[in-house]
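J.: One structure, as structure tokens, below. Some questions next.
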Amino acid sequence: MWRKFDVAALRDAALAGLVAGALALPMLGFRLVDGVTGLTLAGHFDLVAWAVGLVFCGRLLIRLLPPLPALPALPARFGDLRLKAGWLLAGIALILPFLPFADRNLVDKATLVLIYIMLGWGLNIVVGLAGLLDLGFVAFYAVGAYSYALLSQTFGLSFWVCLPLAGLLSAGFGLALGFPVLRLRGDYLAIVTLGFGEIIRVILQNWQEVTGGPNGISGIERPSLFGLSFKAVAPEGQQSFAAFFGIDYSSEQRVIFLYFLILALALATNLFTLRIRRLPVGRAWEALREDEIACRSLGINPTTVKLSAFALGAMFAGFAGSFFATRQGFISPESFTFIESAVILAIVVLGGMGSQIGIVLAALLLVGLPEWFRELQQYRMLAFGGAMVLIMLWKPSGLLSHRAPTIRLGGNP
Amino acid sequence: MEYFLQQLINGLTLGAIYGLIAIGYTMVYGIIGMINFAHGEIYMLGSFISLIAFLAATTLGGTSVPLALLATLFATMIFTALWGWTVERVAYRPLRGAPRLAPLISAIGVSIVLQNFAQLAQGARVKPLPPVFHGGITLMSGEDFTVSLNWLQMIIMALTLVLMLGFTWVIGRTSLGRAQRATEQDMKMASLLGIDVDRIVSATFVMGAVLASVAGLMVTLYYGVIDFYIGFLAGIKAFTAAVLGGIGSLPGAMLGGLLIGLIEALWSGYFSIEYKDVATFGILVMVLLFRPTGLLGRPDVEKI
Amino acid sequence: MSEPPASGEALLDVDHVTMRFGGLFAVNDLSFSARSRQITAVIGPNGAGKTTLFNCITGFYKPQVGRLTLHHPQGPLLLERLDDHVISRRARVARTFQNIRLFARMSVLENLIVAQHTALMAASAFSLAGLLGLHRYRDAERRAVAKARHWLDRMALTGLADEAAGSLPYGHQRRLEIARAMCTDPLLLCLDEPAAGLNPRESAELNRLLRSIRDQDGIGLLLIEHDMSVVMEISDHVVVLDYGKKIAEGNPAEVKRDPAVIRAYLGEPDDADLPPEPTGSASC
């Protein structure tokens, strides 16, 4: 005996399936094929049938199943749990290269994930803490990378000198870009920062004399550890790392060194963020995110507060960019597209916009996982986008968005 | 002089296309205060669907090109409108009361999904279409340059004019348009008066999608080559046009589109073609800094 | 912190201020004074221009005509020339809002610490001293927490110090907003309908609180209010607005009796509408 509810659910699912079919028909049902005489169409109506079927079943299930129980309210000790989890992850990260199953490939991938974690923590300052939607974060990443490359090649400075300089340049860039646009409302700010990101890319692509155009800059110096080079044979006037420690040379040494380098940089970003949230500047960021007008009524100048968030976020992106340049040895505008900004934003959003550990998990998920499943690589971006939409629909304020106060009346725990 | 006129004609044609896309942005922003990030991808889908529909029509239908084009036009409008409707229903409507970043991020997600969907479904390579229209009229002949206006350009401008008039009539004189204007001014009040706000918002998205789909069709025919990435760039430029003309204003969006098209054509013609996009973004920043209400827009007073 | 002007001295002078929105005169040639150590109430029917006036005083709107002078101990300041956040910082004018604007996801204590942002930034050299862990900042933060605690105690919110501000009951949120404004050490406290939504017991509490702020902290209070029990109870001076113009001014008793005020609130009987009085015997 069909319940009335079931019939309604069936009708709803049928309608959804029909819509899915209509949507799928032109784009999936037909495929543009390069034929001998030009474009022709090939029919793939089985795909349409699949789309209809999937949507029908999915919708039916959603209608018939009871709603998902809401996640139980996180206990007050959750903050404590997160701290412990943070220490655990940091510990694992420290010993990762020395674990028995760790090979060069693993360390390489971990290095990549750490770059994105650092970028996520950097963007978190702007989006998560200050609530400014920056869609052009990749521009600062690019400025950092190119500044490093140009400084090291033109002036022959070492990594340790170029790194802070590149960070400063990126921060300066952040100030210059931020100053005119930070009084714009959320949506407009988003689009303008997007535009800036694209402008930077176009300039990098076309300013041949300085940036090398589409060919980029190659032959970037690799970093050394206090003068100890990681090359097999040390260049003039330098000693090689292997020789200094009396061990055999192995190309893995540089890989491990780079890994610890980015780990240190990322941890520095994290410590900085944790510290600054307890300081007036950090609190002002969060207050601004909550209510700008209230901030103004308390004597807080929103422009300077926003600028500081923008500039600091840019600085960390600049550091990450320098590392990227020195790790690759070669950079080109192709690495600095809008997609990168979108990925970093996705990491921040999925991580809960403000949660440090959430960003680590999100980066592991979004960057680490596809690296391990190469065959699914082509679906990676599709899954990103879908995940962004789904997370917003499910929890509009982010996944791990429980916020612990930065100061307690009875003294900090 | 002749070169300038030619660029003018090219610019206006391009501008008409931008204007059609810009109207979608401005209407959606006007009614729910949100930038539909995915609108550029709707336009891109429109161009793909128009290409597929045209090929299907000519393969199946026979030899009559005008008939095939007409069928293509309707098919494009209907299917793209459906995409636009679905996007609003699935990704935006549930977030109407959510914190302001949420729908924006959802829109970015949708944009990424649609772009990659098109790439996966149809392949990453560009899709060429041999020109359907040939010839036109010659306006002027200079010493080494001829100013010509080809049939397709005329059709584009005529079609744009027809659509503009049609939509202005809908907005100004039908009950749907009245309901939409009311919802745009005060959504809560409109719903209290019995207007089905959800339906009006959906209708707005559909209208925007229809116009964007026509723009897609025009681009397919005019440039003869499309790929899954055209939505991104056109989207930013069309949004710039909407802001330039005054966000919320329909004639403003078209005016902005024409201006952007002209600026782009003249810049590429006289300065450098590589930096034409930079010029457009530069305009966006200038407008937002110095005249955020745009040319025809109304100032927005925030109640404290 | 420098002391506010002595009791009875003019603290805020509103001089022929006009605020126009297109053709609408929200505030029309308004002049009055608010004095230190006094509670001045601005009342009037809805739409009379009261919140607009507040927004002019606190810098969110800029009036087309007129002058707003704040008598700061270090010299008078013209508010119509200053940005809103500068007015708060330099002129020491604090305000609360009609629709409560707390930092909802931050704790009660954090709300009060943010209010002391300016002082903390100065003490920490824009947070650098804090980053380096210097004594200067730690001491400054301790002082800030002490001040916050003082106000928490006065508002009876101490037990809720670590709760999220947005989770507090309505009456508590109102008190917190006032506490937050007081943490900026203002000379003039502007309150926009502080009694809205409060029950009689809470209103009486509020009266007590505002009087204590006037007497203990010695500042001037300017308040917009509809609740006549609050206005009549505690105001020293009342200004009545209608359609943006001042129609009466004086102490509460005077204003209550003023025919213009009664007309504005209750309306005027329209003689033409009344049936003509029958002459002769009274009707039953």
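Residue names in the structure tokens use chain letters A, B, ... in the order shown, residue numbers from 1 in each chain, and ligand numbers from 1 in the order shown.
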Considering only C-alpha atoms, return as a compact mmCIF listing (two decimals) with N, CA and C atoms, in the first residue's frame whatever protein or nucleic-acid residues lie within 9 Å of Asp217 in chain C, sequence-local ones (same chain, fewer than 4 positions apart) excluded.
T.:
# COMPACT_ATOMS: atom_id res chain seq x y z
N ARG C 37 27.55 65.24 33.13
CA ARG C 37 26.90 64.77 34.35
C ARG C 37 25.40 64.96 34.30
N SER C 212 23.76 55.54 37.70
CA SER C 212 25.08 55.32 38.31
C SER C 212 26.19 55.74 37.37
N ILE C 213 25.98 55.55 36.10
CA ILE C 213 27.01 55.99 35.14
C ILE C 213 27.11 57.52 35.18
J.: When DSSP is applied to the backbone of this structure, which of range 311-396 of chain A are assigned helix (DSSP H, G or I)? Write them out as a PyMOL selection string.
T.: chain A and resi 311-328+333-335+338-350+356-372+374-394
J.: Using only C-alpha atoms, determine which residues lie at most 12 Å from Leu51 in chain B, disregarding the query and same-chain residues fewer than 5 positions distant; provide the list as a PyMOL selection string.
T.: (chain A and resi 26-27+30-33+39-41) or (chain B and resi 44-46+56-58+68-69+71-73+75-76+122+127-132+213-214+216-227)
J.: Using only C-alpha atoms, which chain C residues lie at most 10 Å away from chain B, written as a compact mmCIF listing (two decimals) with C-alpha atoms, in the first residue's frame?
T.:
# COMPACT_ATOMS: atom_id res chain seq x y z
CA PHE C 21 18.06 62.79 2.18
CA THR C 51 18.41 58.02 15.06
CA THR C 52 19.45 60.23 12.16
CA ASN C 55 24.18 59.03 13.25
CA PHE C 60 27.98 57.84 10.29
CA TYR C 61 26.14 60.61 8.42
CA PHE C 97 22.71 50.70 18.54
CA GLN C 98 19.01 50.25 18.07
CA ASN C 99 19.61 46.74 16.73
J.: Could you write out as a PDB file with C-alpha atoms, in the first residue's frame the residues of chain A within 7 Å of chain B, counting only C-alpha atoms?
T.:
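Once everything was written out, this is iface.pdb:
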ATOM      1  CA  LEU A  23      20.432  18.910 -18.676  1.00  0.00           C
ATOM      2  CA  PRO A  26      22.963  18.324 -24.986  1.00  0.00           C
ATOM      3  CA  MET A  27      26.209  18.116 -23.037  1.00  0.00           C
ATOM      4  CA  LEU A  28      26.559  14.429 -22.286  1.00  0.00           C
ATOM      5  CA  ARG A  31      29.849  14.690 -27.992  1.00  0.00           C
ATOM      6  CA  LEU A  32      31.688  16.985 -30.328  1.00  0.00           C
ATOM      7  CA  THR A  40      30.624  16.060 -36.009  1.00  0.00           C
ATOM      8  CA  PRO A 180      42.348  51.236  -3.033  1.00  0.00           C
ATOM      9  CA  ASP A 187      31.195  40.684  -3.315  1.00  0.00           C
ATOM     10  CA  VAL A 192      38.322  42.921  -7.852  1.00  0.00           C
ATOM     11  CA  GLY A 195      40.781  40.675 -11.436  1.00  0.00           C
ATOM     12  CA  ILE A 199      46.269  41.046 -14.160  1.00  0.00           C
ATOM     13  CA  MET A 381      38.746  19.930  -9.863  1.00  0.00           C
ATOM     14  CA  LEU A 382      35.215  18.722 -10.460  1.00  0.00           C
ATOM     15  CA  GLY A 385      33.926  22.476  -6.890  1.00  0.00           C
ATOM     16  CA  GLY A 386      31.293  19.973  -5.923  1.00  0.00           C
ATOM     17  CA  MET A 388      32.671  23.480  -2.036  1.00  0.00           C
ATOM     18  CA  VAL A 389      29.001  23.634  -2.942  1.00  0.00           C
ATOM     19  CA  MET A 392      28.199  25.311   1.923  1.00  0.00           C
ATOM     20  CA  LEU A 393      24.823  23.662   1.662  1.00  0.00           C
ATOM     21  CA  PRO A 396      27.408  27.399   5.710  1.00  0.00           C
TER      22      PRO A 396
END
J.: Give the residues of chain A that lie within 8 Å of chain C; count only C-alpha atoms, and format the answer as a list of chain:residue names.
T.: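 Selected residues: A:Arg275, A:Ile276, A:Leu279, A:Pro280, A:Val281, A:Arg283, A:Ala284, A:Ala287, A:Glu290, A:Asp291, A:Ala294, A:Cys295, A:Arg296, A:Ser297, A:Leu298, A:Gly299, A:Ile300, A:Asn301, A:Arg403, A:Pro405, A:Thr406, A:Ile407, A:Arg408, A:Leu409.
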J.: Measuring atom to atom with only C-alpha atoms, identify which of B:Met164, B:Val126, B:Val287, B:Ile273 is nearest to Leu211 in chain B.
T.: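 Distance minimum relative to Leu211 in chain B lands on B:Met164.
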